[in-house]
$ cat structure10.txt   # compact mmCIF, C-alpha atoms and all ligand atoms
# COMPACT_ATOMS: atom_id res chain seq x y z
CA MET A 1 86.37 74.80 44.77
CA THR A 2 88.88 76.15 42.32
CA GLY A 3 92.54 76.73 42.19
CA ASP A 4 92.76 80.40 41.39
CA GLY A 5 96.25 80.70 40.00
CA ALA A 6 97.03 77.20 41.30
CA PRO A 7 99.50 75.19 39.25
CA GLY A 8 97.77 73.37 36.43
CA PHE A 9 94.68 75.60 36.33
CA ARG A 10 94.09 76.71 32.76
CA SER A 11 92.11 79.67 31.54
CA GLY A 12 91.67 81.88 28.53
CA PHE A 13 89.50 83.32 25.82
CA VAL A 14 87.86 81.47 22.99
CA THR A 15 85.90 83.02 20.15
CA LEU A 16 83.28 81.28 18.05
CA VAL A 17 83.16 82.30 14.39
CA GLY A 18 81.25 81.04 11.41
CA ARG A 19 78.64 81.86 8.87
CA PRO A 20 75.33 83.17 10.20
CA ASN A 21 73.13 80.29 11.32
CA VAL A 22 75.89 77.68 11.79
CA GLY A 23 75.00 77.44 15.47
CA LYS A 24 77.43 79.73 17.31
CA SER A 25 74.88 80.94 19.85
CA THR A 26 73.57 77.43 20.38
CA LEU A 27 77.10 76.15 21.03
CA LEU A 28 77.84 79.03 23.39
CA ASN A 29 74.72 78.24 25.41
CA GLN A 30 75.56 74.53 25.40
CA LEU A 31 79.12 75.17 26.60
CA VAL A 32 77.99 77.51 29.32
CA GLY A 33 75.04 75.34 30.30
CA SER A 34 72.67 78.28 30.39
CA LYS A 35 71.04 80.54 27.88
CA VAL A 36 73.20 83.61 27.48
CA ALA A 37 72.84 84.15 23.73
CA ILE A 38 69.71 84.26 21.66
CA VAL A 39 69.16 81.62 19.02
CA SER A 40 67.22 82.14 15.83
CA ASP A 41 66.86 80.50 12.47
CA ARG A 42 67.20 83.93 10.90
CA PRO A 43 70.68 85.13 10.04
CA GLN A 44 72.55 87.65 12.17
CA THR A 45 70.40 87.69 15.20
CA THR A 46 73.39 88.21 17.42
CA ARG A 47 74.67 91.75 17.10
CA SER A 48 76.90 92.17 20.08
CA GLU A 49 79.71 90.08 21.50
CA ILE A 50 78.38 87.99 24.29
CA ARG A 51 80.66 86.59 26.86
CA GLY A 52 79.86 83.24 28.31
CA VAL A 53 81.96 81.67 31.02
CA ARG A 54 82.45 77.97 31.64
CA THR A 55 84.28 77.09 34.82
CA SER A 56 85.34 73.67 36.07
CA ASP A 57 87.78 72.50 38.73
CA SER A 58 90.58 72.53 36.20
CA SER A 59 89.79 75.36 33.80
CA GLN A 60 87.88 78.49 32.95
CA ILE A 61 86.90 79.08 29.34
CA VAL A 62 85.69 82.58 28.54
CA LEU A 63 83.67 82.52 25.33
CA LEU A 64 82.96 85.29 22.90
CA ASP A 65 79.99 84.86 20.61
CA THR A 66 80.96 87.04 17.69
CA PRO A 67 78.48 88.22 15.10
CA GLY A 68 78.90 86.57 11.73
CA ILE A 69 81.75 87.87 9.59
CA HIS A 70 80.27 88.64 6.18
CA LYS A 71 80.50 90.93 3.21
CA PRO A 72 79.19 94.20 4.62
CA ARG A 73 76.25 95.97 3.01
CA THR A 74 75.45 98.56 5.63
CA LEU A 75 77.40 100.60 8.14
CA LEU A 76 76.15 98.27 10.83
CA GLY A 77 77.53 95.32 8.86
CA GLU A 78 80.90 97.03 8.48
CA ARG A 79 81.22 97.76 12.17
CA THR A 80 80.10 94.26 13.06
CA ASN A 81 82.82 92.84 10.82
CA GLN A 82 85.58 95.02 12.18
CA ARG A 83 84.71 94.06 15.70
CA ALA A 84 84.65 90.35 14.89
CA ILE A 85 87.99 90.42 13.08
CA GLY A 86 89.59 92.40 15.89
CA THR A 87 88.76 89.75 18.47
CA LEU A 88 90.39 86.94 16.47
CA ALA A 89 93.90 88.20 17.10
CA GLU A 90 93.30 88.80 20.80
CA VAL A 91 91.91 85.45 21.90
CA ASP A 92 93.73 82.22 22.80
CA ILE A 93 91.74 79.95 20.51
CA VAL A 94 89.42 80.44 17.55
CA CYS A 95 86.62 77.94 16.92
CA LEU A 96 85.53 78.01 13.30
CA LEU A 97 82.09 76.46 12.91
CA VAL A 98 80.80 74.88 9.71
CA GLU A 99 77.72 72.74 9.15
CA ALA A 100 77.59 68.99 8.62
CA ASN A 101 74.16 69.17 6.99
CA ALA A 102 74.80 71.85 4.36
CA PRO A 103 77.46 72.34 1.69
CA ILE A 104 80.62 74.19 2.65
CA GLY A 105 80.40 77.31 0.52
CA THR A 106 81.76 80.74 -0.23
CA GLY A 107 80.46 82.09 3.06
CA ASP A 108 82.52 79.55 5.01
CA ARG A 109 85.54 80.22 2.82
CA PHE A 110 85.29 83.97 3.32
CA ILE A 111 85.45 83.50 7.09
CA ALA A 112 88.15 80.81 6.95
CA ASP A 113 90.31 83.24 4.95
CA VAL A 114 89.84 85.92 7.57
CA VAL A 115 90.75 83.43 10.32
CA ALA A 116 93.88 82.41 8.36
CA ARG A 117 95.16 85.98 8.63
CA VAL A 118 95.78 85.65 12.37
CA ASP A 119 98.17 83.27 14.16
CA THR A 120 95.68 82.18 16.80
CA PRO A 121 95.29 78.38 17.17
CA THR A 122 92.09 77.28 15.44
CA VAL A 123 89.74 74.38 16.08
CA LEU A 124 87.42 73.39 13.25
CA VAL A 125 83.98 72.50 14.63
CA LEU A 126 81.66 70.54 12.37
CA ASN A 127 78.27 71.33 13.88
CA LYS A 128 74.80 69.82 13.42
CA THR A 129 75.99 66.21 13.22
CA ASP A 130 72.54 65.22 14.51
CA ALA A 131 71.11 66.32 11.16
CA ALA A 132 73.63 64.49 8.96
CA GLY A 133 74.45 60.86 8.26
CA PRO A 134 77.88 59.35 9.01
CA ASP A 135 78.90 59.56 5.35
CA ALA A 136 78.07 63.24 5.16
CA ILE A 137 80.01 63.89 8.36
CA GLY A 138 83.14 62.25 6.95
CA GLU A 139 82.75 64.02 3.65
CA HIS A 140 82.26 67.40 5.28
CA LEU A 141 85.26 66.89 7.55
CA ALA A 142 87.42 66.23 4.51
CA LEU A 143 86.12 69.32 2.74
CA ALA A 144 86.49 71.42 5.86
CA SER A 145 90.13 70.42 6.21
CA GLU A 146 90.77 72.22 2.94
CA LEU A 147 89.51 75.48 4.40
CA GLY A 148 92.77 76.14 6.23
CA ASP A 149 95.38 74.97 8.71
CA PHE A 150 93.53 73.66 11.73
CA ASP A 151 94.90 72.41 15.02
CA ALA A 152 91.98 70.07 15.69
CA PHE A 153 88.70 68.86 14.19
CA VAL A 154 85.63 68.23 16.32
CA PRO A 155 82.31 66.98 14.94
CA LEU A 156 79.48 67.76 17.34
CA SER A 157 75.87 68.74 17.80
CA ALA A 158 75.46 72.02 19.65
CA LEU A 159 71.77 71.21 19.84
CA THR A 160 71.98 67.83 21.58
CA GLY A 161 75.37 68.33 23.23
CA ASP A 162 76.78 65.26 21.50
CA GLY A 163 80.54 65.70 21.02
CA VAL A 164 80.69 68.87 23.12
CA PRO A 165 82.86 67.24 25.86
CA ALA A 166 85.44 66.43 23.18
CA LEU A 167 85.50 70.09 22.20
CA VAL A 168 85.95 71.11 25.82
CA GLY A 169 88.91 68.72 26.01
CA GLU A 170 90.49 70.22 22.90
CA LEU A 171 90.02 73.73 24.23
CA GLU A 172 91.34 72.94 27.71
CA SER A 173 94.47 71.31 26.34
CA ARG A 174 95.25 74.46 24.32
CA LEU A 175 94.64 77.06 27.00
CA PRO A 176 97.58 78.48 28.92
CA GLU A 177 97.90 78.19 32.67
CA GLY A 178 96.09 81.16 34.11
CA PRO A 179 93.85 82.64 36.78
CA LEU A 180 90.11 82.71 37.27
CA TYR A 181 89.01 85.75 35.32
CA TYR A 182 85.48 85.60 36.66
CA PRO A 183 83.89 84.15 39.82
CA ALA A 184 83.25 80.42 39.48
CA GLY A 185 79.45 80.61 39.36
CA MET A 186 79.22 83.40 36.82
CA VAL A 187 78.12 82.47 33.31
CA THR A 188 77.97 85.87 31.64
CA ASP A 189 79.09 89.43 32.20
CA GLN A 190 76.06 90.84 30.46
CA PRO A 191 73.94 93.14 32.58
CA GLU A 192 70.42 91.95 33.26
CA THR A 193 69.11 94.76 31.05
CA ALA A 194 71.15 93.50 28.08
CA LEU A 195 69.76 90.00 28.58
CA ALA A 196 66.27 91.45 28.71
CA ALA A 197 66.80 93.39 25.47
CA GLU A 198 68.24 90.36 23.67
CA LEU A 199 65.49 88.05 24.90
CA LEU A 200 62.78 90.47 23.86
CA ARG A 201 64.33 90.79 20.41
CA GLU A 202 64.50 87.01 20.09
CA LYS A 203 60.84 86.65 21.05
CA LEU A 204 59.78 89.39 18.63
CA LEU A 205 61.64 87.67 15.80
CA GLY A 206 59.85 84.48 16.74
CA VAL A 207 56.39 85.99 17.07
CA ALA A 208 56.41 88.50 14.22
CA ARG A 209 56.54 86.33 11.13
CA GLU A 210 57.41 89.14 8.71
CA GLU A 211 60.93 89.96 7.59
CA LEU A 212 62.05 92.19 10.40
CA PRO A 213 65.43 91.07 11.77
CA HIS A 214 67.53 93.81 10.26
CA SER A 215 65.12 96.51 11.25
CA ILE A 216 64.61 95.77 14.92
CA THR A 217 66.84 96.86 17.71
CA VAL A 218 66.00 96.70 21.38
CA THR A 219 67.58 98.61 24.22
CA ALA A 220 66.64 98.26 27.85
CA GLU A 221 67.27 100.07 31.07
CA GLU A 222 66.43 99.35 34.63
CA ILE A 223 63.70 101.60 35.96
CA GLU A 224 65.25 103.30 38.94
CA PRO A 225 62.66 104.13 41.58
CA GLU A 226 64.25 107.52 42.25
CA ARG A 227 64.16 108.60 38.61
CA GLU A 228 60.87 110.38 38.08
CA ASP A 229 61.47 112.39 34.91
CA GLY A 230 61.00 109.40 32.64
CA GLY A 231 63.91 110.46 30.42
CA PHE A 232 66.02 108.04 28.43
CA ASP A 233 68.98 107.08 30.54
CA ASP A 234 71.95 105.97 28.47
CA ARG A 235 74.21 104.84 31.26
CA ARG A 236 75.51 101.33 30.78
CA ARG A 237 74.78 100.03 34.20
CA ARG A 238 76.60 96.84 35.04
CA SER A 239 74.53 94.73 37.33
CA PRO A 240 75.68 91.32 38.51
CA SER A 241 73.91 88.97 36.16
CA LEU A 242 73.62 85.27 36.68
CA ARG A 243 76.16 85.09 39.44
CA GLY A 244 76.60 81.88 41.33
CA ARG A 245 75.29 83.43 44.49
CA PRO A 246 72.36 85.59 43.45
CA GLU A 247 71.62 86.37 47.08
CA GLU A 248 74.71 88.57 47.12
CA ASP A 249 75.60 91.60 45.05
CA GLU A 250 79.02 92.55 43.69
CA ASP A 251 80.31 93.65 47.09
CA GLY A 252 79.12 90.50 48.77
CA GLU A 253 76.19 92.36 50.31
CA PRO A 254 73.01 90.32 50.49
CA ARG A 255 70.39 91.37 47.99
CA HIS A 256 66.99 91.40 49.57
CA ARG A 257 65.17 89.50 46.91
CA GLY A 258 61.92 87.89 47.83
CA GLY A 259 60.13 90.91 49.27
CA ASP A 260 58.13 93.51 47.43
CA ASP A 261 61.04 95.55 46.14
CA ASP A 262 62.42 92.39 44.76
CA ILE A 263 60.94 92.97 41.37
CA LEU A 264 63.45 93.84 38.70
CA ARG A 265 61.82 96.65 36.72
CA ILE A 266 62.97 97.01 33.15
CA ARG A 267 61.91 99.42 30.44
CA ALA A 268 62.63 98.19 26.91
CA VAL A 269 62.54 100.36 23.81
CA ILE A 270 62.07 98.61 20.49
CA ARG A 271 63.25 100.62 17.50
CA VAL A 272 62.04 99.92 13.99
CA GLU A 273 62.73 101.78 10.76
CA ARG A 274 59.24 102.35 9.42
CA GLU A 275 55.74 102.99 10.64
CA SER A 276 54.52 99.80 8.95
CA GLN A 277 57.03 97.78 10.97
CA LYS A 278 55.77 99.35 14.15
CA GLY A 279 52.36 97.93 13.35
CA ILE A 280 53.82 94.48 12.83
CA VAL A 281 55.71 94.57 16.09
CA ILE A 282 52.68 95.69 18.05
CA GLY A 283 50.24 93.41 16.26
CA LYS A 284 46.46 93.47 16.25
CA GLY A 285 45.26 94.77 19.57
CA GLY A 286 48.85 94.67 20.82
CA ARG A 287 48.85 90.89 20.66
CA VAL A 288 52.32 90.38 19.14
CA LEU A 289 54.14 92.72 21.48
CA LYS A 290 52.25 91.38 24.48
CA GLU A 291 53.08 87.77 23.67
CA ALA A 292 56.73 88.53 22.98
CA GLY A 293 56.97 90.57 26.17
CA THR A 294 55.40 87.82 28.25
CA ARG A 295 57.72 85.16 26.85
CA ALA A 296 60.79 87.32 27.35
CA ARG A 297 59.75 88.14 30.90
CA GLN A 298 59.12 84.49 31.79
CA GLU A 299 62.46 83.40 30.43
CA LEU A 300 64.26 86.22 32.16
CA GLU A 301 62.60 85.33 35.45
CA ALA A 302 63.66 81.72 35.09
CA LEU A 303 67.19 82.78 34.16
CA LEU A 304 67.68 85.30 36.95
CA GLY A 305 65.52 83.77 39.63
CA VAL A 306 63.75 87.04 40.36
CA ARG A 307 60.39 88.53 39.45
CA VAL A 308 60.56 90.85 36.48
CA TYR A 309 58.35 93.73 35.40
CA LEU A 310 58.99 94.38 31.72
CA GLU A 311 57.69 97.55 30.15
CA THR A 312 57.84 97.81 26.36
CA ARG A 313 57.68 100.75 23.94
CA VAL A 314 58.02 100.89 20.18
CA LYS A 315 59.67 103.82 18.38
CA VAL A 316 60.16 104.50 14.71
CA GLU A 317 63.69 105.64 13.89
CA ARG A 318 64.23 105.99 10.19
CA ASP A 319 67.16 104.07 8.64
CA TRP A 320 68.85 103.70 11.99
CA GLN A 321 71.23 101.10 10.60
CA ARG A 322 72.75 103.54 8.18
CA ARG A 323 73.05 106.44 10.51
CA ALA A 324 76.34 106.43 12.33
CA HIS A 325 75.01 108.78 14.94
CA ALA A 326 72.21 106.44 15.83
CA LEU A 327 74.61 103.50 15.87
CA ASP A 328 76.88 105.28 18.30
CA ARG A 329 74.04 106.14 20.56
CA LEU A 330 72.73 102.59 20.56
CA GLY A 331 76.17 101.26 21.37
CA TYR A 332 77.04 99.41 18.17
P1 LIG B 401 74.31 81.50 14.86
O1 LIG B 401 73.72 82.47 13.87
O2 LIG B 401 75.59 80.93 14.32
O3 LIG B 401 74.46 82.06 16.22
O4 LIG B 401 73.30 80.28 14.94
P2 LIG B 401 72.22 79.90 16.05
O5 LIG B 401 72.87 79.32 17.25
O6 LIG B 401 71.31 81.07 16.26
O7 LIG B 401 71.47 78.69 15.33
C1 LIG B 401 70.87 78.84 14.06
C2 LIG B 401 69.87 77.72 13.84
O8 LIG B 401 70.52 76.45 13.78
C3 LIG B 401 68.84 77.59 14.98
O9 LIG B 401 67.59 77.26 14.42
C4 LIG B 401 69.39 76.45 15.82
O10 LIG B 401 68.39 75.77 16.53
C5 LIG B 401 70.00 75.55 14.75
N1 LIG B 401 71.08 74.72 15.28
C6 LIG B 401 72.16 75.11 15.98
N2 LIG B 401 72.94 74.06 16.31
C7 LIG B 401 72.34 72.96 15.82
C8 LIG B 401 72.66 71.55 15.82
O11 LIG B 401 73.65 71.08 16.38
N3 LIG B 401 71.78 70.74 15.17
C9 LIG B 401 70.67 71.19 14.54
N4 LIG B 401 69.88 70.30 13.94
N5 LIG B 401 70.34 72.50 14.51
C10 LIG B 401 71.16 73.38 15.14
MG MG B 402 74.12 83.88 17.01

$ encode --input "structure10.txt" --output "structure tokens"
Amino acid sequence: MTGDGAPGFRSGFVTLVGRPNVGKSTLLNQLVGSKVAIVSDRPQTTRSEIRGVRTSDSSQIVLLDTPGIHKPRTLLGERTNQRAIGTLAEVDIVCLLVEANAPIGTGDRFIADVVARVDTPTVLVLNKTDAAGPDAIGEHLALASELGDFDAFVPLSALTGDGVPALVGELESRLPEGPLYYPAGMVTDQPETALAAELLREKLLGVAREELPHSITVTAEEIEPEREDGGFDDRRRRSPSLRGRPEEDEDGEPRHRGGDDDILRIRAVIRVERESQKGIVIGKGGRVLKEAGTRARQELEALLGVRVYLETRVKVERDWQRRAHALDRLGY
């Protein structure tokens, strides 16, 4: 289907930056056409870079969903920032997102100033046009143009998809000629376990109404049938997630999915900072955790096309965000 390395085929890396909540994860999912990043109306739900891949006959756009760049308050915030800034210089195009339905403020300016420090071509995306009138869109575009030197302006709605093809056009025209970096049907390089952990965290944030986002972290591992000791296995296993041909594994060997051993078994560990938060996560009679687990499992099954067994545990780990050791161990 594709021209790997064929003349005219364009490919490269694009990073999405912007204030928390501007819609980076929503846009990533819209561009990729599948849910690879969690979306929440609470700030900073996305902690790790998530790679989404959009492939067409003429191009491959590899997307990085960076966590929001912001004034750091904790060690986690500092590391998150450093990582986000580092990617700006390495990618082919930066997309700076601002909102059409909210004032452009100091948060946007802070990020625009960081973006201005690198030479990478930048596209200004004015998101959430569905929630703003035509006057507001024009006004916001004018204000946004004062944020820096941009190579293009694209108003769009990441939610409805309106205007997204125009963004794709702008990106494609700025990408260099290049190879296919990933197989054509692949939409993310995240392991299935990482998707499970992110989905479970998203569902917990949705189900537990209390202010928890900064205190929850979820890790997940595949339960290997041969491992009997029940210990915590920290290996970062890369399994082929969301490939175009799920019936084959990385080596092109058929995966025997459909039979009894075709259940993907995942053990998720939810870490909170205090005992009281543990209670909130679990809920009365385990209701909250059960509901979140069920929703995460269902979505994961739909996403991967396999049956999933999702085991959940909650652990209290005091002030994990501030403890570098814990951060290292959890992979931040
Ligand atoms: P992020 O923090 O930048 O990754 O933002 P998210 O993608 O998680 O979105 C934050 C919130 O904005 C969620 O409630 C989304 O549903 C909402 N949102 C994102 N894009 C749009 C859009 O185009 N229109 C509207 N009305 N809401 C949006
Ligand atoms: Mg996000």

$ residues_around --input "structure10.txt" --residues "Ala292 of chain A" --least-positions-apart "3" --cutoff "6 Å" --atoms "all atoms listed in the file" --output "count of residues only"
4

$ residues_around --input "structure10.txt" --residues "Ser34 of chain A" --least-positions-apart "2" --cutoff "12 Å" --atoms "all atoms listed in the file" --output "list of chain:residue names"
A:Ser25, A:Thr26, A:Leu27, A:Leu28, A:Asn29, A:Gln30, A:Leu31, A:Val32, A:Val36, A:Ala37, A:Ile38, A:Gly52, A:Val53, A:Arg54, A:Gly185, A:Met186, A:Val187, A:Thr188, A:Leu242, A:Arg243, A:Glu299, A:Leu300, A:Ala302, A:Leu303, A:Leu304

$ residues_around --input "structure10.txt" --residues "Ile223 of chain A" --least-positions-apart "2" --cutoff "7 Å" --atoms "only C-alpha atoms" --output "PyMOL selection string"
chain A and resi 221+225+265-267

$ closest_residue --input "structure10.txt" --among "A:Ala142, A:Asp149, A:Asp113, A:Pro155" --to "ligand LIG 401 (chain B)" --atoms "only C-alpha atoms and all ligand atoms"
A:Pro155

$ residues_near_point --input "structure10.txt" --point "(89.6, 73.1, 28.8)" --cutoff "10 Å" --atoms "all atoms listed in the file" --output "PyMOL selection string"
chain A and resi 9-12+54-56+58-61+165-176

$ residues_near_point --input "structure10.txt" --point "(93.5, 73.7, 12.7)" --cutoff "9 Å" --atoms "only C-alpha atoms" --output "short mmCIF file (atom, residue, chain, number, x, y, z; two decimals) with C-alpha atoms, in the coordinates of the input"
data_model
loop_
_atom_site.label_atom_id
_atom_site.label_comp_id
_atom_site.auth_asym_id
_atom_site.auth_seq_id
_atom_site.Cartn_x
_atom_site.Cartn_y
_atom_site.Cartn_z
CA PRO A 121 95.29 78.38 17.17
CA THR A 122 92.09 77.28 15.44
CA VAL A 123 89.74 74.38 16.08
CA LEU A 124 87.42 73.39 13.25
CA SER A 145 90.13 70.42 6.21
CA GLY A 148 92.77 76.14 6.23
CA ASP A 149 95.38 74.97 8.71
CA PHE A 150 93.53 73.66 11.73
CA ASP A 151 94.90 72.41 15.02
CA ALA A 152 91.98 70.07 15.69
CA PHE A 153 88.70 68.86 14.19
#

$ closest_residue --input "structure10.txt" --among "A:Arg313, A:Arg117, A:Arg297, A:Arg109" --to "Thr219 of chain A" --atoms "all atoms listed in the file"
A:Arg313

$ axis_aligned_box --input "structure10.txt" --around "ligand LIG 401 (chain B)" --padding-each-side "5 Å" --output "AutoDock Vina command-line options"
--center_x 71.6 --center_y 76.4 --center_z 15.5 --size_x 18.0 --size_y 22.2 --size_z 13.5

$ closest_residue --input "structure10.txt" --among "A:Val281, A:Ala196, A:Val14, A:Leu64" --to "ligand MG 402 (chain B)" --atoms "all atoms listed in the file"
A:Leu64

$ residues_around --input "structure10.txt" --residues "Glu273 of chain A" --least-positions-apart "5" --cutoff "6 Å" --atoms "all atoms listed in the file" --output "MDAnalysis selection string"
chainID A and resid 215 316:319

$ atom_distance --input "structure10.txt" --atom1 "atom CA of Leu63 of chain A" --atom2 "atom CA of Pro134 of chain A"
28.9 Å

$ closest_residue --input "structure10.txt" --among "A:Val115, A:Ala131, A:Ala136, A:Glu198" --to "ligand MG 402 (chain B)" --atoms "all atoms listed in the file"
A:Glu198

$ atom_distance --input "structure10.txt" --atom1 "atom O3 of ligand LIG 401 (chain B)" --atom2 "atom CA of Arg51 of chain A"
13.1 Å

$ closest_residue --input "structure10.txt" --among "A:Leu199, A:Gly163, A:Val272, A:Val114" --to "Thr217 of chain A" --atoms "only C-alpha atoms"
A:Val272

$ residues_around --input "structure10.txt" --residues "Phe13 of chain A" --least-positions-apart "4" --cutoff "6 Å" --atoms "all atoms listed in the file" --output "number ranges by chain"
A: 62-63, 91-92

$ closest_residue --input "structure10.txt" --among "A:Lys128, A:Glu202, A:Glu192, A:Gly283" --to "ligand MG 402 (chain B)" --atoms "all atoms listed in the file"
A:Glu202

$ atom_distance --input "structure10.txt" --atom1 "atom CA of Pro20 of chain A" --atom2 "atom C1 of ligand LIG 401 (chain B)"
7.3 Å

$ decode --input "structure10.txt" --residues "segment 268-332 of chain A" --atoms "C-alpha atoms" --output "PDB file, in the first residue's frame"
ATOM      1  CA  ALA A 268      -2.483  -3.287  37.588  1.00  0.00           C
ATOM      2  CA  VAL A 269      -1.142  -1.607  40.698  1.00  0.00           C
ATOM      3  CA  ILE A 270      -2.688   1.706  41.676  1.00  0.00           C
ATOM      4  CA  ARG A 271      -0.508   3.833  43.936  1.00  0.00           C
ATOM      5  CA  VAL A 272      -1.911   6.605  46.072  1.00  0.00           C
ATOM      6  CA  GLU A 273      -0.199   8.807  48.638  1.00  0.00           C
ATOM      7  CA  ARG A 274      -2.448   8.414  51.652  1.00  0.00           C
ATOM      8  CA  GLU A 275      -4.633   5.832  53.318  1.00  0.00           C
ATOM      9  CA  SER A 276      -7.678   8.092  52.893  1.00  0.00           C
ATOM     10  CA  GLN A 277      -7.118   8.147  49.140  1.00  0.00           C
ATOM     11  CA  LYS A 278      -6.984   4.388  49.081  1.00  0.00           C
ATOM     12  CA  GLY A 279     -10.488   4.371  50.500  1.00  0.00           C
ATOM     13  CA  ILE A 280     -11.692   6.745  47.806  1.00  0.00           C
ATOM     14  CA  VAL A 281     -10.177   4.675  45.029  1.00  0.00           C
ATOM     15  CA  ILE A 282     -11.679   1.460  46.334  1.00  0.00           C
ATOM     16  CA  GLY A 283     -15.044   2.984  47.216  1.00  0.00           C
ATOM     17  CA  LYS A 284     -17.834   1.574  49.349  1.00  0.00           C
ATOM     18  CA  GLY A 285     -17.835  -2.173  49.002  1.00  0.00           C
ATOM     19  CA  GLY A 286     -15.201  -1.858  46.280  1.00  0.00           C
ATOM     20  CA  ARG A 287     -17.706  -0.184  43.983  1.00  0.00           C
ATOM     21  CA  VAL A 288     -15.455   2.570  42.590  1.00  0.00           C
ATOM     22  CA  LEU A 289     -12.524   0.335  41.776  1.00  0.00           C
ATOM     23  CA  LYS A 290     -14.795  -2.327  40.333  1.00  0.00           C
ATOM     24  CA  GLU A 291     -16.571   0.120  38.044  1.00  0.00           C
ATOM     25  CA  ALA A 292     -13.340   1.735  36.888  1.00  0.00           C
ATOM     26  CA  GLY A 293     -11.779  -1.673  36.302  1.00  0.00           C
ATOM     27  CA  THR A 294     -14.755  -2.875  34.289  1.00  0.00           C
ATOM     28  CA  ARG A 295     -14.794   0.229  32.103  1.00  0.00           C
ATOM     29  CA  ALA A 296     -11.056   0.066  31.508  1.00  0.00           C
ATOM     30  CA  ARG A 297     -11.259  -3.618  30.645  1.00  0.00           C
ATOM     31  CA  GLN A 298     -14.136  -3.125  28.210  1.00  0.00           C
ATOM     32  CA  GLU A 299     -12.368  -0.307  26.433  1.00  0.00           C
ATOM     33  CA  LEU A 300      -9.133  -2.235  26.268  1.00  0.00           C
ATOM     34  CA  GLU A 301     -10.940  -5.241  24.816  1.00  0.00           C
ATOM     35  CA  ALA A 302     -12.541  -3.081  22.157  1.00  0.00           C
ATOM     36  CA  LEU A 303      -9.201  -1.438  21.391  1.00  0.00           C
ATOM     37  CA  LEU A 304      -7.131  -4.611  21.184  1.00  0.00           C
ATOM     38  CA  GLY A 305      -9.742  -7.030  19.937  1.00  0.00           C
ATOM     39  CA  VAL A 306      -8.896  -9.612  22.575  1.00  0.00           C
ATOM     40  CA  ARG A 307     -10.432 -10.695  25.855  1.00  0.00           C
ATOM     41  CA  VAL A 308      -8.800  -9.087  28.856  1.00  0.00           C
ATOM     42  CA  TYR A 309      -8.558 -10.162  32.473  1.00  0.00           C
ATOM     43  CA  LEU A 310      -7.687  -7.113  34.547  1.00  0.00           C
ATOM     44  CA  GLU A 311      -6.577  -7.567  38.126  1.00  0.00           C
ATOM     45  CA  THR A 312      -6.330  -4.445  40.288  1.00  0.00           C
ATOM     46  CA  ARG A 313      -4.533  -3.668  43.549  1.00  0.00           C
ATOM     47  CA  VAL A 314      -4.213  -0.449  45.511  1.00  0.00           C
ATOM     48  CA  LYS A 315      -1.060   0.478  47.431  1.00  0.00           C
ATOM     49  CA  VAL A 316      -0.278   3.453  49.606  1.00  0.00           C
ATOM     50  CA  GLU A 317       3.106   4.977  48.832  1.00  0.00           C
ATOM     51  CA  ARG A 318       3.713   8.130  50.783  1.00  0.00           C
ATOM     52  CA  ASP A 319       4.623  11.290  48.811  1.00  0.00           C
ATOM     53  CA  TRP A 320       5.669   9.257  45.812  1.00  0.00           C
ATOM     54  CA  GLN A 321       5.721  12.348  43.627  1.00  0.00           C
ATOM     55  CA  ARG A 322       8.453  13.955  45.657  1.00  0.00           C
ATOM     56  CA  ARG A 323      10.623  10.944  46.044  1.00  0.00           C
ATOM     57  CA  ALA A 324      13.094  10.635  43.232  1.00  0.00           C
ATOM     58  CA  HIS A 325      13.688   7.008  44.013  1.00  0.00           C
ATOM     59  CA  ALA A 326      10.041   6.178  43.590  1.00  0.00           C
ATOM     60  CA  LEU A 327       9.896   8.222  40.387  1.00  0.00           C
ATOM     61  CA  ASP A 328      12.806   6.306  38.938  1.00  0.00           C
ATOM     62  CA  ARG A 329      11.265   3.018  39.811  1.00  0.00           C
ATOM     63  CA  LEU A 330       7.931   3.971  38.280  1.00  0.00           C
ATOM     64  CA  GLY A 331       9.641   5.104  35.115  1.00  0.00           C
ATOM     65  CA  TYR A 332       9.034   8.847  35.220  1.00  0.00           C
TER      66      TYR A 332
END
